[in-house]
$ cat model38.cif   # mmCIF, C-alpha atoms and all ligand atoms
data_upload
loop_
_atom_site.label_atom_id
_atom_site.label_comp_id
_atom_site.auth_asym_id
_atom_site.auth_seq_id
_atom_site.Cartn_x
_atom_site.Cartn_y
_atom_site.Cartn_z
CA MET P 1 15.27 23.72 81.39
CA ASN P 2 13.90 27.12 82.44
CA LYS P 3 10.28 27.99 81.97
CA ASP P 4 10.76 30.38 79.03
CA LEU P 5 12.77 27.83 77.18
CA ARG P 6 10.13 25.18 77.83
CA ILE P 7 7.44 27.48 76.50
CA ALA P 8 9.57 28.24 73.45
CA PHE P 9 10.08 24.53 72.84
CA GLY P 10 6.41 23.90 73.36
CA GLU P 11 5.60 26.54 70.81
CA ILE P 12 8.00 25.13 68.29
CA HIS P 13 6.55 21.72 68.94
CA ALA P 14 2.98 22.98 68.54
CA SER P 15 3.70 24.77 65.29
CA ARG P 16 5.48 21.70 63.95
CA LYS P 17 2.55 19.60 64.88
CA SER P 18 0.13 21.75 62.93
CA ARG P 19 2.45 22.16 59.98
CA PHE P 20 2.89 18.43 59.72
CA ALA P 21 -0.66 17.55 60.74
CA LYS P 22 -1.46 14.15 59.30
CA PRO P 23 -4.46 13.94 56.97
CA LYS P 24 -7.36 12.02 58.48
CA ASN P 25 -8.07 8.44 57.56
CA MET P 26 -11.10 8.50 55.36
CA ILE P 27 -11.38 4.82 54.59
CA GLN P 28 -10.10 1.92 56.66
CA LEU P 29 -10.73 -1.54 55.24
CA THR P 30 -9.67 -4.45 57.40
CA ASN P 31 -9.69 -8.04 56.17
CA ILE P 32 -12.50 -7.39 53.72
CA GLU P 33 -13.79 -10.54 52.03
CA LYS P 34 -16.55 -11.06 49.55
CA TYR P 35 -17.70 -14.38 48.20
CA TYR P 36 -20.71 -15.81 46.44
CA ALA P 37 -21.73 -19.28 47.60
CA ASN P 38 -22.79 -21.63 44.84
CA LYS P 39 -23.79 -25.21 45.72
CA GLY P 40 -21.80 -25.01 48.94
CA ILE P 41 -18.71 -23.70 47.18
CA LYS P 42 -17.47 -20.25 48.06
CA ASN P 43 -16.38 -18.26 45.05
CA TYR P 44 -14.16 -15.52 46.40
CA VAL P 45 -14.25 -12.13 44.72
CA LEU P 46 -12.18 -10.33 47.39
CA ARG P 47 -9.80 -11.87 49.90
CA LEU P 48 -8.43 -10.21 53.02
CA VAL P 49 -8.26 -6.72 51.60
CA THR P 50 -6.72 -4.40 54.16
CA THR P 51 -5.92 -0.84 53.22
CA THR P 52 -6.18 2.76 54.40
CA ILE P 53 -7.10 5.71 52.22
CA LYS P 54 -6.52 9.16 53.62
CA GLN P 55 -8.43 12.34 53.02
CA GLY P 56 -7.05 14.12 49.95
CA GLU P 57 -5.66 11.04 48.19
CA PHE P 58 -6.29 10.23 44.52
CA VAL P 59 -6.08 6.47 44.20
CA SER P 60 -6.34 4.36 41.05
CA ILE P 61 -7.39 0.72 41.26
CA MET P 62 -6.00 -1.38 38.43
CA GLY P 63 -6.13 -5.06 37.56
CA PRO P 64 -7.41 -7.58 35.02
CA SER P 65 -11.09 -7.99 34.22
CA GLY P 66 -12.84 -10.01 36.92
CA ALA P 67 -10.21 -9.11 39.54
CA GLY P 68 -12.80 -7.62 41.90
CA LYS P 69 -12.20 -3.93 41.18
CA SER P 70 -15.85 -2.93 40.83
CA THR P 71 -16.84 -5.02 43.84
CA LEU P 72 -14.21 -3.26 45.94
CA LEU P 73 -15.33 0.16 44.72
CA ASN P 74 -18.98 -0.70 45.38
CA ILE P 75 -18.15 -1.82 48.92
CA ILE P 76 -16.26 1.44 49.52
CA GLY P 77 -19.27 3.28 48.04
CA MET P 78 -21.67 1.41 50.37
CA LEU P 79 -23.57 -0.07 47.41
CA GLU P 80 -22.52 -3.61 48.35
CA GLU P 81 -21.75 -5.22 51.67
CA PRO P 82 -18.71 -7.36 52.34
CA THR P 83 -19.22 -10.94 53.53
CA TYR P 84 -16.58 -10.47 56.20
CA GLY P 85 -14.29 -7.80 57.59
CA THR P 86 -14.70 -4.25 58.82
CA TYR P 87 -15.07 -1.01 56.95
CA GLU P 88 -14.69 2.31 58.70
CA PHE P 89 -15.56 5.54 56.90
CA LEU P 90 -14.39 8.69 58.73
CA GLY P 91 -14.23 6.60 61.89
CA GLU P 92 -17.76 5.16 61.52
CA ASP P 93 -18.12 1.41 61.33
CA VAL P 94 -20.14 1.13 58.12
CA THR P 95 -20.75 -2.61 58.45
CA SER P 96 -22.62 -2.13 61.74
CA LEU P 97 -24.84 0.76 60.58
CA ASN P 98 -28.49 0.18 59.80
CA GLU P 99 -29.65 0.90 56.26
CA ARG P 100 -31.08 4.34 57.02
CA LYS P 101 -27.83 5.51 58.63
CA ARG P 102 -25.78 4.03 55.83
CA ILE P 103 -27.82 5.81 53.17
CA GLU P 104 -27.42 9.05 55.10
CA LEU P 105 -23.66 8.58 55.28
CA TYR P 106 -23.63 7.81 51.55
CA ARG P 107 -25.69 10.87 50.62
CA ASN P 108 -23.59 13.18 52.74
CA HIS P 109 -20.19 12.04 51.54
CA ILE P 110 -20.12 9.94 48.39
CA GLY P 111 -20.40 10.90 44.75
CA PHE P 112 -20.44 8.09 42.19
CA VAL P 113 -19.35 8.39 38.55
CA PHE P 114 -20.05 5.49 36.20
CA GLN P 115 -18.50 4.29 32.96
CA ALA P 116 -21.85 4.40 31.14
CA TYR P 117 -22.79 7.74 32.81
CA HIS P 118 -26.15 6.45 34.12
CA LEU P 119 -27.91 9.72 33.39
CA ILE P 120 -31.69 9.69 33.25
CA ASP P 121 -32.65 9.88 29.56
CA GLU P 122 -36.00 11.61 30.15
CA MET P 123 -34.43 14.42 32.16
CA THR P 124 -32.53 17.43 30.89
CA VAL P 125 -28.93 18.15 31.84
CA TYR P 126 -30.21 20.61 34.43
CA GLU P 127 -32.65 18.11 35.93
CA ASN P 128 -30.06 15.34 36.04
CA ILE P 129 -27.71 17.52 38.08
CA GLU P 130 -30.58 18.62 40.29
CA ALA P 131 -31.84 15.10 41.10
CA PRO P 132 -29.51 14.31 44.06
CA LEU P 133 -30.26 17.74 45.55
CA LEU P 134 -33.97 16.96 45.59
CA TYR P 135 -33.21 13.72 47.47
CA LYS P 136 -31.21 15.73 49.97
CA LYS P 137 -34.01 18.31 50.28
CA VAL P 138 -31.70 21.20 49.39
CA GLY P 139 -33.79 24.40 49.06
CA SER P 140 -34.64 25.79 45.62
CA SER P 141 -32.40 28.88 45.59
CA GLU P 142 -29.42 26.88 46.89
CA ARG P 143 -30.11 24.24 44.23
CA ALA P 144 -30.25 26.85 41.48
CA SER P 145 -27.00 28.45 42.56
CA ARG P 146 -25.08 25.18 42.87
CA ILE P 147 -26.28 23.99 39.47
CA ALA P 148 -25.44 27.33 37.84
CA ASP P 149 -21.92 27.12 39.31
CA LEU P 150 -21.39 23.59 38.00
CA LEU P 151 -22.77 24.35 34.53
CA ASP P 152 -20.52 27.37 34.35
CA ARG P 153 -17.45 25.60 35.66
CA PHE P 154 -17.81 22.71 33.22
CA ASN P 155 -18.68 24.98 30.27
CA ILE P 156 -22.04 23.36 29.66
CA VAL P 157 -24.38 26.29 30.36
CA ALA P 158 -25.62 26.17 26.76
CA LYS P 159 -26.47 22.47 27.15
CA LYS P 160 -28.64 22.76 30.23
CA ASP P 161 -31.97 22.13 28.48
CA LEU P 162 -30.72 19.30 26.28
CA PHE P 163 -31.27 15.62 26.96
CA PRO P 164 -28.37 13.17 27.47
CA ASN P 165 -28.73 11.63 23.99
CA GLN P 166 -28.12 15.08 22.47
CA LEU P 167 -24.62 15.22 24.00
CA SER P 168 -21.27 13.65 23.18
CA GLY P 169 -19.92 10.97 25.51
CA GLY P 170 -17.46 13.41 27.05
CA GLN P 171 -20.23 15.94 27.68
CA GLN P 172 -22.42 13.24 29.24
CA GLN P 173 -19.61 12.31 31.56
CA LEU P 174 -19.17 15.97 32.53
CA VAL P 175 -22.84 15.97 33.49
CA GLY P 176 -22.29 12.73 35.41
CA ILE P 177 -19.46 14.38 37.34
CA ALA P 178 -21.46 17.58 37.89
CA ARG P 179 -24.29 15.47 39.30
CA ALA P 180 -21.86 13.67 41.62
CA LEU P 181 -20.44 17.02 42.79
CA ALA P 182 -23.79 18.76 43.28
CA ALA P 183 -24.28 17.19 46.70
CA GLN P 184 -20.78 18.40 47.70
CA PRO P 185 -19.31 14.98 48.48
CA SER P 186 -16.06 14.37 50.37
CA ILE P 187 -15.11 11.64 47.94
CA ILE P 188 -15.68 10.77 44.30
CA LEU P 189 -15.75 7.09 43.34
CA ALA P 190 -15.44 6.45 39.61
CA ASP P 191 -15.63 3.06 37.91
CA GLU P 192 -13.76 3.32 34.59
CA PRO P 193 -15.02 6.88 34.07
CA THR P 194 -13.31 7.23 30.69
CA GLY P 195 -13.90 3.66 29.52
CA ASN P 196 -16.35 4.78 26.82
CA LEU P 197 -14.50 7.94 25.77
CA GLN P 198 -12.10 9.00 23.03
CA SER P 199 -8.65 9.87 24.29
CA ALA P 200 -9.04 13.67 24.07
CA GLN P 201 -12.25 13.51 26.11
CA ALA P 202 -10.61 11.08 28.54
CA GLU P 203 -7.77 13.51 29.06
CA GLU P 204 -10.22 16.31 29.77
CA ILE P 205 -11.96 14.20 32.44
CA MET P 206 -8.64 13.17 34.04
CA THR P 207 -7.45 16.79 34.10
CA LEU P 208 -10.70 17.73 35.79
CA PHE P 209 -10.28 14.97 38.40
CA LYS P 210 -6.77 16.11 39.15
CA LYS P 211 -8.00 19.68 39.62
CA LEU P 212 -10.86 18.59 41.88
CA ASN P 213 -8.35 16.63 43.93
CA GLN P 214 -5.61 19.24 44.14
CA GLU P 215 -7.61 22.46 44.26
CA ASP P 216 -10.82 21.40 45.99
CA GLY P 217 -9.28 18.68 48.17
CA ILE P 218 -11.78 16.05 47.04
CA THR P 219 -10.60 12.51 47.67
CA ILE P 220 -10.85 10.38 44.52
CA ILE P 221 -10.80 6.64 43.91
CA GLN P 222 -11.03 5.52 40.30
CA VAL P 223 -10.94 2.15 38.63
CA THR P 224 -9.00 2.33 35.38
CA HIS P 225 -7.38 0.08 32.81
CA SER P 226 -5.17 2.88 31.61
CA GLU P 227 -1.67 3.34 33.00
CA LYS P 228 -1.79 6.89 31.64
CA ASN P 229 -4.98 7.71 33.57
CA ALA P 230 -3.51 6.18 36.71
CA GLN P 231 -0.61 8.64 36.50
CA TYR P 232 -3.00 11.52 37.26
CA GLY P 233 -3.39 10.19 40.81
CA ASN P 234 -0.93 9.74 43.67
CA ARG P 235 -1.22 6.04 44.32
CA ILE P 236 -2.04 2.80 42.48
CA LEU P 237 -3.55 -0.32 44.02
CA HIS P 238 -3.00 -3.32 41.77
CA ILE P 239 -5.45 -6.12 42.39
CA ALA P 240 -5.67 -9.59 40.93
CA ASP P 241 -7.90 -12.50 41.94
CA GLY P 242 -9.41 -10.37 44.69
CA VAL P 243 -6.08 -9.71 46.39
CA VAL P 244 -4.13 -6.46 46.64
CA LYS P 245 -0.87 -7.42 44.96
CA GLU P 246 0.85 -4.04 44.96
CA ASP P 247 0.29 -0.63 46.49
CA VAL P 248 2.57 1.91 44.89
CA ALA P 249 3.01 5.67 44.97
CA VAL P 250 2.89 7.63 41.73
CA LEU P 251 5.97 9.82 41.42
CA SER P 252 5.03 13.32 40.38
P1 LIG R 301 -13.83 -6.26 37.81
O1 LIG R 301 -14.54 -4.98 38.06
O2 LIG R 301 -12.41 -6.27 38.32
O3 LIG R 301 -13.86 -6.68 36.37
P2 LIG R 301 -15.95 -7.43 39.44
O4 LIG R 301 -15.75 -6.86 40.79
O5 LIG R 301 -17.04 -6.86 38.63
O6 LIG R 301 -14.56 -7.43 38.64
O7 LIG R 301 -16.23 -8.98 39.57
C1 LIG R 301 -15.31 -9.86 40.19
C2 LIG R 301 -15.83 -11.29 40.14
O8 LIG R 301 -17.01 -11.40 40.91
C3 LIG R 301 -16.17 -11.75 38.73
O9 LIG R 301 -15.60 -13.03 38.57
C4 LIG R 301 -17.68 -11.82 38.76
O10 LIG R 301 -18.13 -12.86 37.93
C5 LIG R 301 -18.00 -12.11 40.20
N1 LIG R 301 -19.34 -11.61 40.60
C6 LIG R 301 -19.72 -10.32 40.65
N2 LIG R 301 -21.01 -10.22 41.03
C7 LIG R 301 -21.46 -11.48 41.24
C8 LIG R 301 -22.71 -12.07 41.63
N3 LIG R 301 -23.77 -11.30 41.92
N4 LIG R 301 -22.79 -13.41 41.75
C9 LIG R 301 -21.71 -14.19 41.48
N5 LIG R 301 -20.51 -13.72 41.09
C10 LIG R 301 -20.37 -12.37 40.96
MG MG R 302 -15.54 -3.66 36.77
#
$ encode --input "model38.cif" --output "structure tokens"
Amino acid sequence: MNKDLRIAFGEIHASRKSRFAKPKNMIQLTNIEKYYANKGIKNYVLRLVTTTIKQGEFVSIMGPSGAGKSTLLNIIGMLEEPTYGTYEFLGEDVTSLNERKRIELYRNHIGFVFQAYHLIDEMTVYENIEAPLLYKKVGSSERASRIADLLDRFNIVAKKDLFPNQLSGGQQQLVGIARALAAQPSIILADEPTGNLQSAQAEEIMTLFKKLNQEDGITIIQVTHSEKNAQYGNRILHIADGVVKEDVAVLS
């Protein structure tokens, strides 16, 4: 092959490579186990969970109550440690990090959204969204601009001085999501985020998640009991008795 041709091939190859660049692995779980020992008996909550979640995915975890869904999400979110197995987050071995490093990794990358919102009752909407930014020592003008953006985007500017108990469930969850997004996470982890909501409000939250995933490229993992909610994502992990039984793509 002459040189020009080789260069041409190389160029084609290079452009193909970038066009088909594979998304990075965000989460790699390998043989994750979790058990609670009681009188010498090991009660397994998770057994040999091995899975990869790539940057940009929107994954739903489904399964019966007690299956281990929240435990799995909490391990991914670095709130709980597995008894056995390895967990790599963006190539970092989370299980071998000390607590300070793990908290730093958590604060830089992870936004949690809870079923019961977990807002602080004594703080206004504005202060709730601001709280994680104070932890991260984000400067005051940057804080103000991020919060203004989020309030605006979620149509809750008029609610900024209200307290959580003055809002509907759907509005509280919007604040919960705004708070999770304020720190500009790479991934949102949500444990039954619409579990306490009416269906219209649930739809609004799912539409928002889909937009955050598709337009802002935020990776999302949600636990849900609703087949309809799961359809907003691109993949469903079915778990039962702590084991991944099925891992299926959602056809769009
Ligand atoms: P899911 O979210 O799928 O309903 P969980 O992950 O919350 O399930 O819990 C899975 C199992 O782990 C349940 O049987 C629960 O009783 C058990 N479990 C969770 N936390 C503890 C604990 N601290 N001590 C003992 N068992 C626990
Ligand atoms: Mg649960």
$ residues_around --input "model38.cif" --residues "segment 177-190 of chain P" --least-positions-apart "4" --cutoff "8 Å" --atoms "all atoms listed in the file" --output "PyMOL selection string"
chain P and resi 73+77+107-115+128-133+136+146-147+150-151+154+173+218-223
$ residues_around --input "model38.cif" --residues "Glu127 of chain P" --least-positions-apart "6" --cutoff "9 Å" --atoms "all atoms listed in the file" --output "PyMOL selection string"
chain P and resi 120+160-161
$ write_last_selection --input "model38.cif" --atoms "C-alpha atoms" --output "short mmCIF file (atom, residue, chain, number, x, y, z; two decimals), in the frame of the given file"
data_model
loop_
_atom_site.label_atom_id
_atom_site.label_comp_id
_atom_site.auth_asym_id
_atom_site.auth_seq_id
_atom_site.Cartn_x
_atom_site.Cartn_y
_atom_site.Cartn_z
CA ILE P 120 -31.69 9.69 33.25
CA LYS P 160 -28.64 22.76 30.23
CA ASP P 161 -31.97 22.13 28.48
#
$ atom_distance --input "model38.cif" --atom1 "atom CA of Leu48 of chain P" --atom2 "atom CA of Ile27 of chain P"
15.4 Å
$ closest_residue --input "model38.cif" --among "P:Asp191, P:Glu104, P:Glu122, P:Glu57" --to "ligand MG 302 (chain R)" --atoms "only C-alpha atoms and all ligand atoms"
P:Asp191
$ residues_near_ligand --input "model38.cif" --ligand "ligand MG 302 (chain R)" --cutoff "10 Å" --atoms "all atoms listed in the file" --output "list in words"
Met62, Gly63, Pro64, Ser65, Gly66, Ala67, Gly68, Lys69, Ser70, Thr71, Leu72, Leu73, Asn74, Gln115, Asp191, Glu192, Val223, Thr224 and His225 of chain P
$ closest_residue --input "model38.cif" --among "P:Leu79, P:Asn98, P:Ala158, P:Val175" --to "Met123 of chain P" --atoms "all atoms listed in the file"
P:Val175
$ atom_distance --input "model38.cif" --atom1 "atom N2 of ligand LIG 301 (chain R)" --atom2 "atom CA of Lys101 of chain P"
24.6 Å
$ residues_near_point --input "model38.cif" --point "(-6.3, 11.2, 49.6)" --cutoff "12 Å" --atoms "all atoms listed in the file" --output "ChimeraX atom specification"
/P:22-27,52-60,186-188,210,212-214,216-222,233-236,249
$ atom_distance --input "model38.cif" --atom1 "atom CA of Leu174 of chain P" --atom2 "atom CA of Tyr126 of chain P"
12.1 Å
$ closest_residue --input "model38.cif" --among "P:Ser199, P:Ser145, P:Thr95, P:Thr50" --to "Lys245 of chain P" --atoms "only C-alpha atoms"
P:Thr50
$ residues_around --input "model38.cif" --residues "Thr30 of chain P" --least-positions-apart "4" --cutoff "10 Å" --atoms "only C-alpha atoms" --output "PDB file with C-alpha atoms, in the coordinates of the input"
ATOM      1  CA  LEU P  48      -8.430 -10.210  53.020  1.00  0.00           C
ATOM      2  CA  VAL P  49      -8.260  -6.720  51.600  1.00  0.00           C
ATOM      3  CA  THR P  50      -6.720  -4.400  54.160  1.00  0.00           C
ATOM      4  CA  THR P  51      -5.920  -0.840  53.220  1.00  0.00           C
ATOM      5  CA  THR P  52      -6.180   2.760  54.400  1.00  0.00           C
ATOM      6  CA  TYR P  84     -16.580 -10.470  56.200  1.00  0.00           C
ATOM      7  CA  GLY P  85     -14.290  -7.800  57.590  1.00  0.00           C
ATOM      8  CA  THR P  86     -14.700  -4.250  58.820  1.00  0.00           C
ATOM      9  CA  TYR P  87     -15.070  -1.010  56.950  1.00  0.00           C
ATOM     10  CA  GLU P  88     -14.690   2.310  58.700  1.00  0.00           C
TER      11      GLU P  88
END
$ closest_residue --input "model38.cif" --among "P:Glu80, P:Glu92, P:Asp121, P:Glu204" --to "Gln171 of chain P" --atoms "all atoms listed in the file"
P:Glu204
$ residues_near_point --input "model38.cif" --point "(-10.2, -10.5, 49.3)" --cutoff "7 Å" --atoms "all atoms listed in the file" --output "list in words"
Ile32, Glu33, Lys34, Val45, Leu46, Arg47, Leu48, Val49, Gly242 and Val243 of chain P
$ write_last_selection --input "model38.cif" --atoms "C-alpha atoms" --output "short mmCIF file (atom, residue, chain, number, x, y, z; two decimals), keeping the file's coordinate frame"
data_model
loop_
_atom_site.label_atom_id
_atom_site.label_comp_id
_atom_site.auth_asym_id
_atom_site.auth_seq_id
_atom_site.Cartn_x
_atom_site.Cartn_y
_atom_site.Cartn_z
CA ILE P 32 -12.50 -7.39 53.72
CA GLU P 33 -13.79 -10.54 52.03
CA LYS P 34 -16.55 -11.06 49.55
CA VAL P 45 -14.25 -12.13 44.72
CA LEU P 46 -12.18 -10.33 47.39
CA ARG P 47 -9.80 -11.87 49.90
CA LEU P 48 -8.43 -10.21 53.02
CA VAL P 49 -8.26 -6.72 51.60
CA GLY P 242 -9.41 -10.37 44.69
CA VAL P 243 -6.08 -9.71 46.39
#
$ closest_residue --input "model38.cif" --among "P:Ser226, P:Gln172, P:Asn38, P:Asn31" --to "ligand LIG 301 (chain R)" --atoms "only C-alpha atoms and all ligand atoms"
P:Asn38
$ closest_residue --input "model38.cif" --among "P:Thr207, P:Ser252, P:Asp149, P:Ala240" --to "ligand LIG 301 (chain R)" --atoms "only C-alpha atoms and all ligand atoms"
P:Ala240
$ decode --input "model38.cif" --residues "segment 146-168 of chain P" --atoms "N, CA and C atoms" --output "mmCIF file, in the first residue's frame"
data_model
loop_
_atom_site.group_PDB
_atom_site.id
_atom_site.type_symbol
_atom_site.label_atom_id
_atom_site.label_comp_id
_atom_site.auth_asym_id
_atom_site.auth_seq_id
_atom_site.Cartn_x
_atom_site.Cartn_y
_atom_site.Cartn_z
ATOM 1 N N ARG P 146 -26.057 29.689 40.317
ATOM 2 C CA ARG P 146 -26.540 28.310 40.101
ATOM 3 C C ARG P 146 -27.954 28.116 40.622
ATOM 4 N N ILE P 147 -28.229 28.683 41.805
ATOM 5 C CA ILE P 147 -29.554 28.498 42.410
ATOM 6 C C ILE P 147 -30.614 29.213 41.568
ATOM 7 N N ALA P 148 -30.275 30.426 41.109
ATOM 8 C CA ALA P 148 -31.218 31.171 40.264
ATOM 9 C C ALA P 148 -31.543 30.373 39.002
ATOM 10 N N ASP P 149 -30.524 29.772 38.394
ATOM 11 C CA ASP P 149 -30.729 28.949 37.193
ATOM 12 C C ASP P 149 -31.680 27.795 37.468
ATOM 13 N N LEU P 150 -31.446 27.098 38.586
ATOM 14 C CA LEU P 150 -32.258 25.923 38.906
ATOM 15 C C LEU P 150 -33.706 26.316 39.225
ATOM 16 N N LEU P 151 -33.867 27.395 39.998
ATOM 17 C CA LEU P 151 -35.218 27.854 40.334
ATOM 18 C C LEU P 151 -35.977 28.202 39.057
ATOM 19 N N ASP P 152 -35.276 28.853 38.163
ATOM 20 C CA ASP P 152 -35.868 29.288 36.909
ATOM 21 C C ASP P 152 -36.244 28.077 36.050
ATOM 22 N N ARG P 153 -35.297 27.177 35.913
ATOM 23 C CA ARG P 153 -35.478 26.009 35.079
ATOM 24 C C ARG P 153 -36.631 25.129 35.561
ATOM 25 N N PHE P 154 -36.795 25.029 36.862
ATOM 26 C CA PHE P 154 -37.842 24.171 37.412
ATOM 27 C C PHE P 154 -39.125 24.946 37.732
ATOM 28 N N ASN P 155 -39.165 26.226 37.302
ATOM 29 C CA ASN P 155 -40.372 27.030 37.508
ATOM 30 C C ASN P 155 -40.788 27.152 38.959
ATOM 31 N N ILE P 156 -39.811 27.344 39.829
ATOM 32 C CA ILE P 156 -40.140 27.470 41.252
ATOM 33 C C ILE P 156 -39.549 28.757 41.853
ATOM 34 N N VAL P 157 -39.304 29.741 40.979
ATOM 35 C CA VAL P 157 -38.753 31.021 41.460
ATOM 36 C C VAL P 157 -39.645 31.604 42.554
ATOM 37 N N ALA P 158 -40.964 31.550 42.328
ATOM 38 C CA ALA P 158 -41.906 32.157 43.273
ATOM 39 C C ALA P 158 -41.950 31.412 44.612
ATOM 40 N N LYS P 159 -41.378 30.213 44.642
ATOM 41 C CA LYS P 159 -41.438 29.406 45.873
ATOM 42 C C LYS P 159 -40.171 29.526 46.704
ATOM 43 N N LYS P 160 -39.226 30.318 46.268
ATOM 44 C CA LYS P 160 -37.887 30.232 46.867
ATOM 45 C C LYS P 160 -37.823 30.526 48.362
ATOM 46 N N ASP P 161 -38.767 31.361 48.872
ATOM 47 C CA ASP P 161 -38.731 31.695 50.298
ATOM 48 C C ASP P 161 -39.708 30.868 51.127
ATOM 49 N N LEU P 162 -40.358 29.907 50.484
ATOM 50 C CA LEU P 162 -41.284 29.041 51.227
ATOM 51 C C LEU P 162 -40.519 27.887 51.876
ATOM 52 N N PHE P 163 -41.185 27.261 52.848
ATOM 53 C CA PHE P 163 -40.614 26.099 53.518
ATOM 54 C C PHE P 163 -41.207 24.834 52.893
ATOM 55 N N PRO P 164 -40.502 23.704 52.999
ATOM 56 C CA PRO P 164 -40.973 22.474 52.342
ATOM 57 C C PRO P 164 -42.437 22.135 52.610
ATOM 58 N N ASN P 165 -42.903 22.342 53.874
ATOM 59 C CA ASN P 165 -44.288 21.948 54.169
ATOM 60 C C ASN P 165 -45.321 22.881 53.537
ATOM 61 N N GLN P 166 -44.855 23.910 52.848
ATOM 62 C CA GLN P 166 -45.784 24.803 52.131
ATOM 63 C C GLN P 166 -45.872 24.424 50.655
ATOM 64 N N LEU P 167 -45.245 23.312 50.275
ATOM 65 C CA LEU P 167 -45.220 22.881 48.871
ATOM 66 C C LEU P 167 -45.945 21.564 48.686
ATOM 67 N N SER P 168 -46.394 21.306 47.444
ATOM 68 C CA SER P 168 -46.953 19.986 47.131
ATOM 69 C C SER P 168 -45.804 18.976 47.066
#
